[in-house]
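Structure file upload_12.cif (mmCIF, C-alpha atoms, pLDDT in the B column; chains and numbers go by the auth columns) follows.
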```cif
data_input
loop_
_atom_site.group_PDB
_atom_site.id
_atom_site.type_symbol
_atom_site.label_atom_id
_atom_site.label_comp_id
_atom_site.label_asym_id
_atom_site.label_seq_id
_atom_site.Cartn_x
_atom_site.Cartn_y
_atom_site.Cartn_z
_atom_site.B_iso_or_equiv
_atom_site.auth_seq_id
_atom_site.auth_asym_id
ATOM 1 C CA MET A 1 39.909 14.826 -248.040 83.00 1 A
ATOM 2 C CA ASP A 2 40.717 11.244 -249.036 87.00 2 A
ATOM 3 C CA LEU A 3 41.014 9.684 -245.585 89.00 3 A
ATOM 4 C CA ASP A 4 42.169 6.312 -246.935 87.00 4 A
ATOM 5 C CA LYS A 5 45.110 7.982 -248.700 90.00 5 A
ATOM 6 C CA ILE A 6 45.915 10.040 -245.618 93.00 6 A
ATOM 7 C CA ILE A 7 45.932 6.940 -243.387 88.00 7 A
ATOM 8 C CA GLU A 8 48.147 5.133 -245.906 86.00 8 A
ATOM 9 C CA GLN A 9 50.698 7.953 -245.811 89.00 9 A
ATOM 10 C CA ARG A 10 50.540 8.144 -242.016 91.00 10 A
ATOM 11 C CA ASP A 11 51.394 4.454 -241.884 89.00 11 A
ATOM 12 C CA PHE A 12 54.537 5.220 -243.888 89.00 12 A
ATOM 13 C CA LEU A 13 55.690 7.338 -240.939 91.00 13 A
ATOM 14 C CA LYS A 14 55.441 4.360 -238.574 92.00 14 A
ATOM 15 C CA ASP A 15 57.966 1.556 -238.172 93.00 15 A
ATOM 16 C CA SER A 16 55.372 -1.224 -238.155 92.00 16 A
ATOM 17 C CA LEU A 17 56.623 -2.480 -241.516 89.00 17 A
ATOM 18 C CA ARG A 18 59.858 -3.682 -239.930 90.00 18 A
ATOM 19 C CA GLN A 19 57.987 -6.381 -238.028 91.00 19 A
ATOM 20 C CA THR A 20 56.918 -8.005 -241.311 92.00 20 A
ATOM 21 C CA ILE A 21 60.399 -8.330 -242.850 92.00 21 A
ATOM 22 C CA ASN A 22 62.688 -11.337 -242.610 93.00 22 A
ATOM 23 C CA PHE A 23 66.081 -9.660 -242.761 92.00 23 A
ATOM 24 C CA ARG A 24 67.837 -12.994 -243.332 92.00 24 A
ATOM 25 C CA PHE A 25 66.857 -12.654 -246.988 93.00 25 A
ATOM 26 C CA THR A 26 68.351 -9.233 -247.642 96.00 26 A
ATOM 27 C CA ASP A 27 71.148 -8.954 -250.184 96.00 27 A
ATOM 28 C CA GLN A 28 73.506 -8.155 -247.320 96.00 28 A
ATOM 29 C CA HIS A 29 72.734 -11.425 -245.540 95.00 29 A
ATOM 30 C CA GLN A 30 72.864 -13.348 -248.810 95.00 30 A
ATOM 31 C CA GLY A 31 76.474 -12.243 -249.238 95.00 31 A
ATOM 32 C CA VAL A 32 75.917 -9.806 -252.109 96.00 32 A
ATOM 33 C CA PRO A 33 78.706 -7.173 -252.050 95.00 33 A
ATOM 34 C CA ALA A 34 77.674 -3.745 -250.787 96.00 34 A
ATOM 35 C CA PRO A 35 76.993 -1.155 -253.496 97.00 35 A
ATOM 36 C CA PRO A 36 79.749 1.443 -253.932 96.00 36 A
ATOM 37 C CA VAL A 37 79.977 4.563 -251.798 96.00 37 A
ATOM 38 C CA GLN A 38 79.787 6.829 -254.846 96.00 38 A
ATOM 39 C CA LYS A 39 78.971 6.605 -258.529 96.00 39 A
ATOM 40 C CA PRO A 40 82.033 6.039 -260.711 93.00 40 A
ATOM 41 C CA LEU A 41 83.251 8.583 -263.202 93.00 41 A
ATOM 42 C CA GLU A 42 82.224 8.097 -266.795 90.00 42 A
ATOM 43 C CA GLU A 43 84.849 7.706 -269.485 90.00 43 A
ATOM 44 C CA GLY A 44 86.473 11.020 -270.284 89.00 44 A
ATOM 45 C CA GLN A 45 85.326 12.823 -267.146 92.00 45 A
ATOM 46 C CA LYS A 46 88.053 14.635 -265.233 91.00 46 A
ATOM 47 C CA LEU A 47 88.317 15.449 -261.550 94.00 47 A
ATOM 48 C CA ILE A 48 88.096 19.068 -260.452 97.00 48 A
ATOM 49 C CA GLU A 49 90.073 19.302 -257.225 96.00 49 A
ATOM 50 C CA LEU A 50 88.469 21.211 -254.372 98.00 50 A
ATOM 51 C CA PRO A 51 90.387 23.358 -251.862 97.00 51 A
ATOM 52 C CA SER A 52 91.535 21.360 -248.848 95.00 52 A
ATOM 53 C CA ALA A 53 90.666 21.920 -245.197 94.00 53 A
ATOM 54 C CA GLU A 54 93.614 24.306 -244.959 94.00 54 A
ATOM 55 C CA SER A 55 91.538 26.857 -246.864 95.00 55 A
ATOM 56 C CA TRP A 56 88.725 26.652 -244.296 95.00 56 A
ATOM 57 C CA LYS A 57 90.682 28.243 -241.432 92.00 57 A
ATOM 58 C CA SER A 58 88.863 31.549 -241.795 91.00 58 A
ATOM 59 C CA PHE A 59 85.539 29.730 -241.286 93.00 59 A
ATOM 60 C CA ARG A 60 86.506 28.607 -237.781 91.00 60 A
ATOM 61 C CA GLY A 61 85.135 30.328 -234.723 88.00 61 A
ATOM 62 C CA THR A 62 81.428 30.175 -235.509 90.00 62 A
ATOM 63 C CA ASP A 63 79.663 29.538 -232.238 92.00 63 A
ATOM 64 C CA LEU A 64 77.305 26.555 -232.380 93.00 64 A
ATOM 65 C CA LEU A 65 74.717 28.286 -230.209 94.00 65 A
ATOM 66 C CA ASP A 66 74.766 31.298 -232.530 94.00 66 A
ATOM 67 C CA ALA A 67 74.512 29.081 -235.600 94.00 67 A
ATOM 68 C CA LEU A 68 71.471 27.302 -234.176 94.00 68 A
ATOM 69 C CA LYS A 69 69.874 30.578 -233.120 95.00 69 A
ATOM 70 C CA ASN A 70 70.474 32.343 -236.447 94.00 70 A
ATOM 71 C CA ARG A 71 69.677 29.416 -238.713 95.00 71 A
ATOM 72 C CA LYS A 72 66.588 30.041 -240.818 95.00 72 A
ATOM 73 C CA SER A 73 65.347 29.520 -244.361 97.00 73 A
ATOM 74 C CA ARG A 74 66.582 32.309 -246.620 96.00 74 A
ATOM 75 C CA ARG A 75 65.184 32.978 -250.071 96.00 75 A
ATOM 76 C CA ARG A 76 66.978 36.197 -251.017 95.00 76 A
ATOM 77 C CA PHE A 77 70.613 36.109 -252.048 96.00 77 A
ATOM 78 C CA LYS A 78 73.192 38.695 -252.996 94.00 78 A
ATOM 79 C CA SER A 79 74.587 38.680 -256.523 93.00 79 A
ATOM 80 C CA GLU A 80 78.157 37.920 -255.416 94.00 80 A
ATOM 81 C CA MET A 81 79.870 34.650 -256.190 96.00 81 A
ATOM 82 C CA ILE A 82 80.449 31.744 -253.833 97.00 82 A
ATOM 83 C CA SER A 83 84.168 31.005 -253.509 97.00 83 A
ATOM 84 C CA LEU A 84 85.463 27.539 -254.316 98.00 84 A
ATOM 85 C CA ALA A 85 86.788 27.249 -250.740 98.00 85 A
ATOM 86 C CA GLU A 86 83.325 27.990 -249.355 98.00 86 A
ATOM 87 C CA LEU A 87 81.749 25.433 -251.657 98.00 87 A
ATOM 88 C CA SER A 88 84.400 22.906 -250.670 98.00 88 A
ATOM 89 C CA PHE A 89 83.573 23.393 -246.997 98.00 89 A
ATOM 90 C CA LEU A 90 79.799 23.116 -247.539 98.00 90 A
ATOM 91 C CA LEU A 91 80.214 19.891 -249.508 98.00 91 A
ATOM 92 C CA TRP A 92 82.421 18.361 -246.832 98.00 92 A
ATOM 93 C CA ALA A 93 79.987 19.449 -244.097 98.00 93 A
ATOM 94 C CA THR A 94 77.078 17.739 -245.813 98.00 94 A
ATOM 95 C CA GLN A 95 78.535 14.556 -247.326 98.00 95 A
ATOM 96 C CA GLY A 96 82.252 14.567 -246.548 97.00 96 A
ATOM 97 C CA ILE A 97 83.920 11.269 -245.717 97.00 97 A
ATOM 98 C CA LYS A 98 85.842 10.989 -242.470 96.00 98 A
ATOM 99 C CA LYS A 99 86.949 7.388 -242.955 95.00 99 A
ATOM 100 C CA GLU A 100 86.318 4.638 -245.502 94.00 100 A
ATOM 101 C CA LEU A 101 85.738 1.483 -243.459 93.00 101 A
ATOM 102 C CA ALA A 102 85.409 -0.985 -246.332 89.00 102 A
ATOM 103 C CA PRO A 103 84.269 -1.026 -249.952 87.00 103 A
ATOM 104 C CA GLY A 104 80.711 0.291 -249.830 92.00 104 A
ATOM 105 C CA THR A 105 80.919 1.633 -246.267 95.00 105 A
ATOM 106 C CA ALA A 106 82.244 4.968 -245.024 96.00 106 A
ATOM 107 C CA LEU A 107 81.836 7.248 -242.025 97.00 107 A
ATOM 108 C CA ARG A 108 80.657 10.720 -243.002 97.00 108 A
ATOM 109 C CA THR A 109 79.943 14.069 -241.404 98.00 109 A
ATOM 110 C CA VAL A 110 76.235 13.164 -241.145 98.00 110 A
ATOM 111 C CA PRO A 111 74.502 10.098 -239.682 97.00 111 A
ATOM 112 C CA SER A 112 72.782 7.515 -241.848 97.00 112 A
ATOM 113 C CA ALA A 113 70.752 4.412 -241.026 96.00 113 A
ATOM 114 C CA GLY A 114 73.107 1.446 -241.114 96.00 114 A
ATOM 115 C CA CYS A 115 75.874 3.698 -242.472 96.00 115 A
ATOM 116 C CA ARG A 116 74.321 3.286 -245.915 97.00 116 A
ATOM 117 C CA HIS A 117 74.355 6.925 -247.177 98.00 117 A
ATOM 118 C CA ALA A 118 72.052 6.594 -250.168 98.00 118 A
ATOM 119 C CA PHE A 119 72.751 10.012 -251.665 98.00 119 A
ATOM 120 C CA GLU A 120 74.667 11.641 -254.475 98.00 120 A
ATOM 121 C CA THR A 121 75.198 15.412 -254.316 98.00 121 A
ATOM 122 C CA TYR A 122 74.705 17.361 -257.520 98.00 122 A
ATOM 123 C CA LEU A 123 75.267 21.092 -257.874 98.00 123 A
ATOM 124 C CA SER A 124 73.484 23.483 -260.175 98.00 124 A
ATOM 125 C CA VAL A 125 76.298 26.009 -260.521 98.00 125 A
ATOM 126 C CA ILE A 126 75.538 29.511 -261.760 97.00 126 A
ATOM 127 C CA ARG A 127 77.997 31.799 -259.948 97.00 127 A
ATOM 128 C CA VAL A 128 80.833 29.891 -258.313 98.00 128 A
ATOM 129 C CA GLU A 129 84.462 30.991 -258.516 96.00 129 A
ATOM 130 C CA ASN A 130 86.399 29.210 -261.297 96.00 130 A
ATOM 131 C CA LEU A 131 83.458 27.023 -262.363 97.00 131 A
ATOM 132 C CA THR A 132 81.537 27.331 -265.621 96.00 132 A
ATOM 133 C CA ALA A 133 77.738 27.277 -265.331 96.00 133 A
ATOM 134 C CA GLY A 134 76.459 23.724 -265.396 97.00 134 A
ATOM 135 C CA ILE A 135 75.646 20.585 -263.431 98.00 135 A
ATOM 136 C CA TYR A 136 78.397 19.119 -261.251 98.00 136 A
ATOM 137 C CA ARG A 137 78.594 16.085 -258.960 98.00 137 A
ATOM 138 C CA TYR A 138 80.506 15.798 -255.703 98.00 138 A
ATOM 139 C CA LEU A 139 82.948 12.922 -255.292 98.00 139 A
ATOM 140 C CA PRO A 140 83.331 12.502 -251.526 97.00 140 A
ATOM 141 C CA LEU A 141 86.069 9.866 -251.702 96.00 141 A
ATOM 142 C CA GLU A 142 88.378 12.233 -253.560 96.00 142 A
ATOM 143 C CA HIS A 143 86.812 15.447 -252.189 97.00 143 A
ATOM 144 C CA ALA A 144 86.505 16.667 -255.748 98.00 144 A
ATOM 145 C CA LEU A 145 83.934 17.588 -258.363 98.00 145 A
ATOM 146 C CA VAL A 146 83.147 16.236 -261.787 98.00 146 A
ATOM 147 C CA CYS A 147 81.287 18.261 -264.401 97.00 147 A
ATOM 148 C CA GLU A 148 78.294 16.307 -265.666 97.00 148 A
ATOM 149 C CA HIS A 149 77.549 18.918 -268.314 96.00 149 A
ATOM 150 C CA GLU A 150 77.973 22.642 -268.871 95.00 150 A
ATOM 151 C CA ASP A 151 74.762 24.596 -269.489 94.00 151 A
ATOM 152 C CA GLU A 152 74.477 28.288 -270.330 90.00 152 A
ATOM 153 C CA ASP A 153 70.669 28.052 -270.121 93.00 153 A
ATOM 154 C CA LEU A 154 70.633 26.603 -266.620 94.00 154 A
ATOM 155 C CA VAL A 155 68.611 29.455 -265.078 94.00 155 A
ATOM 156 C CA GLU A 156 65.861 29.053 -267.673 95.00 156 A
ATOM 157 C CA LYS A 157 65.720 25.300 -267.094 96.00 157 A
ATOM 158 C CA LEU A 158 65.921 25.393 -263.302 96.00 158 A
ATOM 159 C CA THR A 159 62.838 27.583 -262.810 95.00 159 A
ATOM 160 C CA PRO A 160 60.303 25.198 -264.412 97.00 160 A
ATOM 161 C CA ALA A 161 62.111 22.228 -262.849 98.00 161 A
ATOM 162 C CA THR A 162 61.407 23.800 -259.436 97.00 162 A
ATOM 163 C CA LEU A 163 57.763 24.635 -260.229 97.00 163 A
ATOM 164 C CA GLY A 164 58.390 28.314 -260.824 96.00 164 A
ATOM 165 C CA GLN A 165 60.279 29.022 -257.593 96.00 165 A
ATOM 166 C CA ALA A 166 62.420 31.747 -259.135 94.00 166 A
ATOM 167 C CA PHE A 167 64.469 32.367 -255.980 96.00 167 A
ATOM 168 C CA ILE A 168 66.171 29.004 -256.543 97.00 168 A
ATOM 169 C CA ALA A 169 67.459 29.960 -259.987 94.00 169 A
ATOM 170 C CA SER A 170 68.721 33.267 -258.544 94.00 170 A
ATOM 171 C CA ALA A 171 71.102 31.474 -256.156 97.00 171 A
ATOM 172 C CA PRO A 172 74.789 31.091 -257.066 97.00 172 A
ATOM 173 C CA VAL A 173 74.590 27.347 -256.432 98.00 173 A
ATOM 174 C CA THR A 174 71.864 24.853 -255.627 98.00 174 A
ATOM 175 C CA PHE A 175 72.581 21.594 -253.830 98.00 175 A
ATOM 176 C CA ILE A 176 70.482 18.793 -255.310 98.00 176 A
ATOM 177 C CA TRP A 177 70.465 15.414 -253.597 98.00 177 A
ATOM 178 C CA THR A 178 69.496 12.270 -255.430 98.00 178 A
ATOM 179 C CA ALA A 179 68.840 8.923 -253.813 98.00 179 A
ATOM 180 C CA ILE A 180 70.204 5.629 -255.052 98.00 180 A
ATOM 181 C CA PRO A 181 67.747 3.518 -253.027 98.00 181 A
ATOM 182 C CA TYR A 182 69.563 0.204 -253.462 98.00 182 A
ATOM 183 C CA ARG A 183 72.381 1.389 -251.209 98.00 183 A
ATOM 184 C CA THR A 184 69.924 1.222 -248.320 98.00 184 A
ATOM 185 C CA GLU A 185 67.657 -1.523 -249.720 97.00 185 A
ATOM 186 C CA TRP A 186 70.734 -3.794 -249.742 97.00 186 A
ATOM 187 C CA ARG A 187 70.453 -3.886 -245.944 97.00 187 A
ATOM 188 C CA TYR A 188 66.826 -2.925 -245.163 97.00 188 A
ATOM 189 C CA VAL A 189 64.855 -3.988 -248.293 96.00 189 A
ATOM 190 C CA ASN A 190 61.407 -2.312 -248.257 93.00 190 A
ATOM 191 C CA ALA A 191 62.040 -0.733 -244.840 94.00 191 A
ATOM 192 C CA ALA A 192 64.744 1.381 -246.514 96.00 192 A
ATOM 193 C CA HIS A 193 62.638 4.164 -247.936 96.00 193 A
ATOM 194 C CA ARG A 194 61.428 5.648 -244.683 95.00 194 A
ATOM 195 C CA VAL A 195 64.946 6.004 -243.315 97.00 195 A
ATOM 196 C CA ILE A 196 66.289 7.394 -246.602 98.00 196 A
ATOM 197 C CA LEU A 197 64.009 10.394 -246.176 96.00 197 A
ATOM 198 C CA MET A 198 65.113 10.809 -242.558 97.00 198 A
ATOM 199 C CA ASP A 199 68.747 10.718 -243.636 98.00 199 A
ATOM 200 C CA VAL A 200 68.385 13.448 -246.256 98.00 200 A
ATOM 201 C CA GLY A 201 67.019 15.713 -243.524 97.00 201 A
ATOM 202 C CA HIS A 202 70.244 15.216 -241.565 98.00 202 A
ATOM 203 C CA VAL A 203 72.225 16.240 -244.643 98.00 203 A
ATOM 204 C CA CYS A 204 70.278 19.445 -245.223 98.00 204 A
ATOM 205 C CA GLN A 205 70.403 20.508 -241.573 98.00 205 A
ATOM 206 C CA ASN A 206 74.192 20.289 -241.730 98.00 206 A
ATOM 207 C CA LEU A 207 74.036 22.592 -244.753 98.00 207 A
ATOM 208 C CA TYR A 208 71.974 25.129 -242.806 98.00 208 A
ATOM 209 C CA LEU A 209 74.482 25.209 -239.953 97.00 209 A
ATOM 210 C CA ALA A 210 77.555 25.199 -242.200 97.00 210 A
ATOM 211 C CA CYS A 211 76.125 28.142 -244.154 97.00 211 A
ATOM 212 C CA GLU A 212 76.194 30.201 -240.957 96.00 212 A
ATOM 213 C CA ALA A 213 79.988 29.830 -240.897 96.00 213 A
ATOM 214 C CA VAL A 214 80.456 31.324 -244.377 97.00 214 A
ATOM 215 C CA ALA A 215 77.897 34.168 -244.305 96.00 215 A
ATOM 216 C CA CYS A 216 75.550 32.250 -246.570 97.00 216 A
ATOM 217 C CA GLY A 217 71.960 31.176 -246.358 97.00 217 A
ATOM 218 C CA THR A 218 69.918 28.310 -247.714 98.00 218 A
ATOM 219 C CA CYS A 219 66.351 27.055 -247.917 98.00 219 A
ATOM 220 C CA ALA A 220 65.310 23.410 -247.967 98.00 220 A
ATOM 221 C CA VAL A 221 63.023 22.676 -250.917 98.00 221 A
ATOM 222 C CA ALA A 222 60.916 19.538 -251.267 97.00 222 A
ATOM 223 C CA ALA A 223 58.622 20.809 -254.057 98.00 223 A
ATOM 224 C CA TYR A 224 59.900 20.306 -257.613 98.00 224 A
ATOM 225 C CA HIS A 225 58.946 18.747 -260.930 98.00 225 A
ATOM 226 C CA GLN A 226 60.305 15.231 -260.571 98.00 226 A
ATOM 227 C CA GLU A 227 60.767 14.414 -264.251 98.00 227 A
ATOM 228 C CA LEU A 228 62.249 17.797 -265.225 98.00 228 A
ATOM 229 C CA MET A 229 64.658 17.788 -262.298 98.00 229 A
ATOM 230 C CA ASP A 230 65.828 14.257 -263.035 98.00 230 A
ATOM 231 C CA GLN A 231 66.292 15.169 -266.708 98.00 231 A
ATOM 232 C CA LEU A 232 68.295 18.253 -265.734 98.00 232 A
ATOM 233 C CA LEU A 233 70.681 16.087 -263.707 98.00 233 A
ATOM 234 C CA GLY A 234 70.785 13.299 -266.275 97.00 234 A
ATOM 235 C CA VAL A 235 69.585 10.550 -263.900 98.00 235 A
ATOM 236 C CA ASP A 236 67.219 7.747 -264.870 98.00 236 A
ATOM 237 C CA GLY A 237 64.399 8.482 -262.406 98.00 237 A
ATOM 238 C CA GLU A 238 64.174 4.826 -261.369 98.00 238 A
ATOM 239 C CA ASP A 239 67.433 3.627 -259.784 98.00 239 A
ATOM 240 C CA GLU A 240 68.437 7.217 -259.031 98.00 240 A
ATOM 241 C CA PHE A 241 66.183 10.248 -258.634 98.00 241 A
ATOM 242 C CA THR A 242 65.975 13.671 -257.001 98.00 242 A
ATOM 243 C CA VAL A 243 64.710 13.763 -253.404 98.00 243 A
ATOM 244 C CA TYR A 244 65.649 17.207 -252.018 98.00 244 A
ATOM 245 C CA LEU A 245 67.337 20.466 -252.937 98.00 245 A
ATOM 246 C CA ALA A 246 68.612 23.651 -251.335 98.00 246 A
ATOM 247 C CA PRO A 247 69.800 26.865 -253.008 98.00 247 A
ATOM 248 C CA VAL A 248 72.782 28.602 -251.384 98.00 248 A
ATOM 249 C CA GLY A 249 73.926 32.205 -251.624 98.00 249 A
ATOM 250 C CA LYS A 250 75.421 35.101 -249.742 97.00 250 A
ATOM 251 C CA CYS A 251 72.989 36.908 -247.443 92.00 251 A
#
```
Here is the file; what I need is its structure written in the form of structure tokens.
Amino acid sequence: MDLDKIIEQRDFLKDSLRQTINFRFTDQHQGVPAPPVQKPLEEGQKLIELPSAESWKSFRGTDLLDALKNRKSRRRFKSEMISLAELSFLLWATQGIKKELAPGTALRTVPSAGCRHAFETYLSVIRVENLTAGIYRYLPLEHALVCEHEDEDLVEKLTPATLGQAFIASAPVTFIWTAIPYRTEWRYVNAAHRVILMDVGHVCQNLYLACEAVACGTCAVAAYHQELMDQLLGVDGEDEFTVYLAPVGKC
């Protein structure tokens, strides 16, 4: 065991770093505008509208105590499709916007340090009603999707990108969260990265509980091939990169 490396990583878990930062020199305090809440669409991309909350009525009635009790990591999924209404609900539950307070700031269904919400939600879609196989991105402001690219070979690409975890590629849809660190660095500079990882845990726990309402299961996954996963999503790996993923399917 490399004790020096272990101690270094343990220090990352502590908040001692905050005492060394002069927050008067952050971009926020220097008057730099806050980064946007979501990435803009590229030229030619079209919105795919998601079913509204009206379509979620049948998901009501799930007891919170039961959801907490039954929640567990599930790695086996049925072959049936996920409906677009179910996907709509799961996206709202994990990164939905309740209120946009100002450009760059919005209240969501999950907490985030300083209300910074550093994440983009991508979907590896294999069997979802009315969607062609491919990589999609959630647009929380519009509660819609955009197709980043269609991909008939997604299953073959997803398995090596997740280090051979074949159960992920067998799921109808996989939620893949990227971080855009500057959204949080804008306020917290080099203290941002610790809280970004805390925040993504909040997001995934909401997915676990929301899955219980739609007879689905999920499994949080933190082991993946960084470069292959970033390439699959089409992100640069520097200003935006994969930090967490979770396959979802009927159980």
### Task
Can you pull out every residue within 9 Å of stretch 102-107 of chain A, counting all atoms listed in the file, but drop anything in the same chain fewer than 6 positions away, and send it as a VMD selection string?
chain A and resid 33 to 38 96 115 to 117 183
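Residue nearest A:Asp15, chosen from A:Thr121, A:Gln231, A:Asn190, A:Thr109 and counting all atoms listed in the file: A:Asn190.
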### Query
Of the candidates A:Ala222, A:Ala53, A:Ile196, A:Ile135, which shows the shortest atom-to-atom distance to A:Leu91, using all atoms listed in the file?
A:Ala53
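Near stretch 173-181 of chain A, within 8 Å and counting only C-alpha atoms, sit Ile82, Ala118, Phe119, Glu120, Thr121, Tyr122, Leu123, Ser124, Val125, Ile126, Arg127, Val128, Ile168, Glu185, Ala192, His193, Ile196, Val200, Asp239, Glu240, Phe241, Thr242, Val243, Tyr244, Leu245, Ala246, Pro247, Val248 and Gly249 of chain A, not including residues fewer than 4 positions from it in the same chain.
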### Task
Could you tell me which of A:Cys204, A:Cys219, A:Ala144, A:Leu233 comes closest to A:Phe167 if we count all atoms listed in the file?
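Ranked by minimum distance to A:Phe167, first place goes to A:Cys219.
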### Message
Report as a list in words all protein, DNA and RNA residues lying within 8 Å of stretch 41-44 of chain A, evaluated on all atoms listed in the file, omitting residues in the same chain fewer than 2 positions from it.
### Response
Lys39, Lys46 and Val146 of chain A
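Among the candidates A:Glu100, A:Glu212, A:Arg18, A:Glu150, the one nearest to A:Arg137 when counting only C-alpha atoms is A:Glu150.
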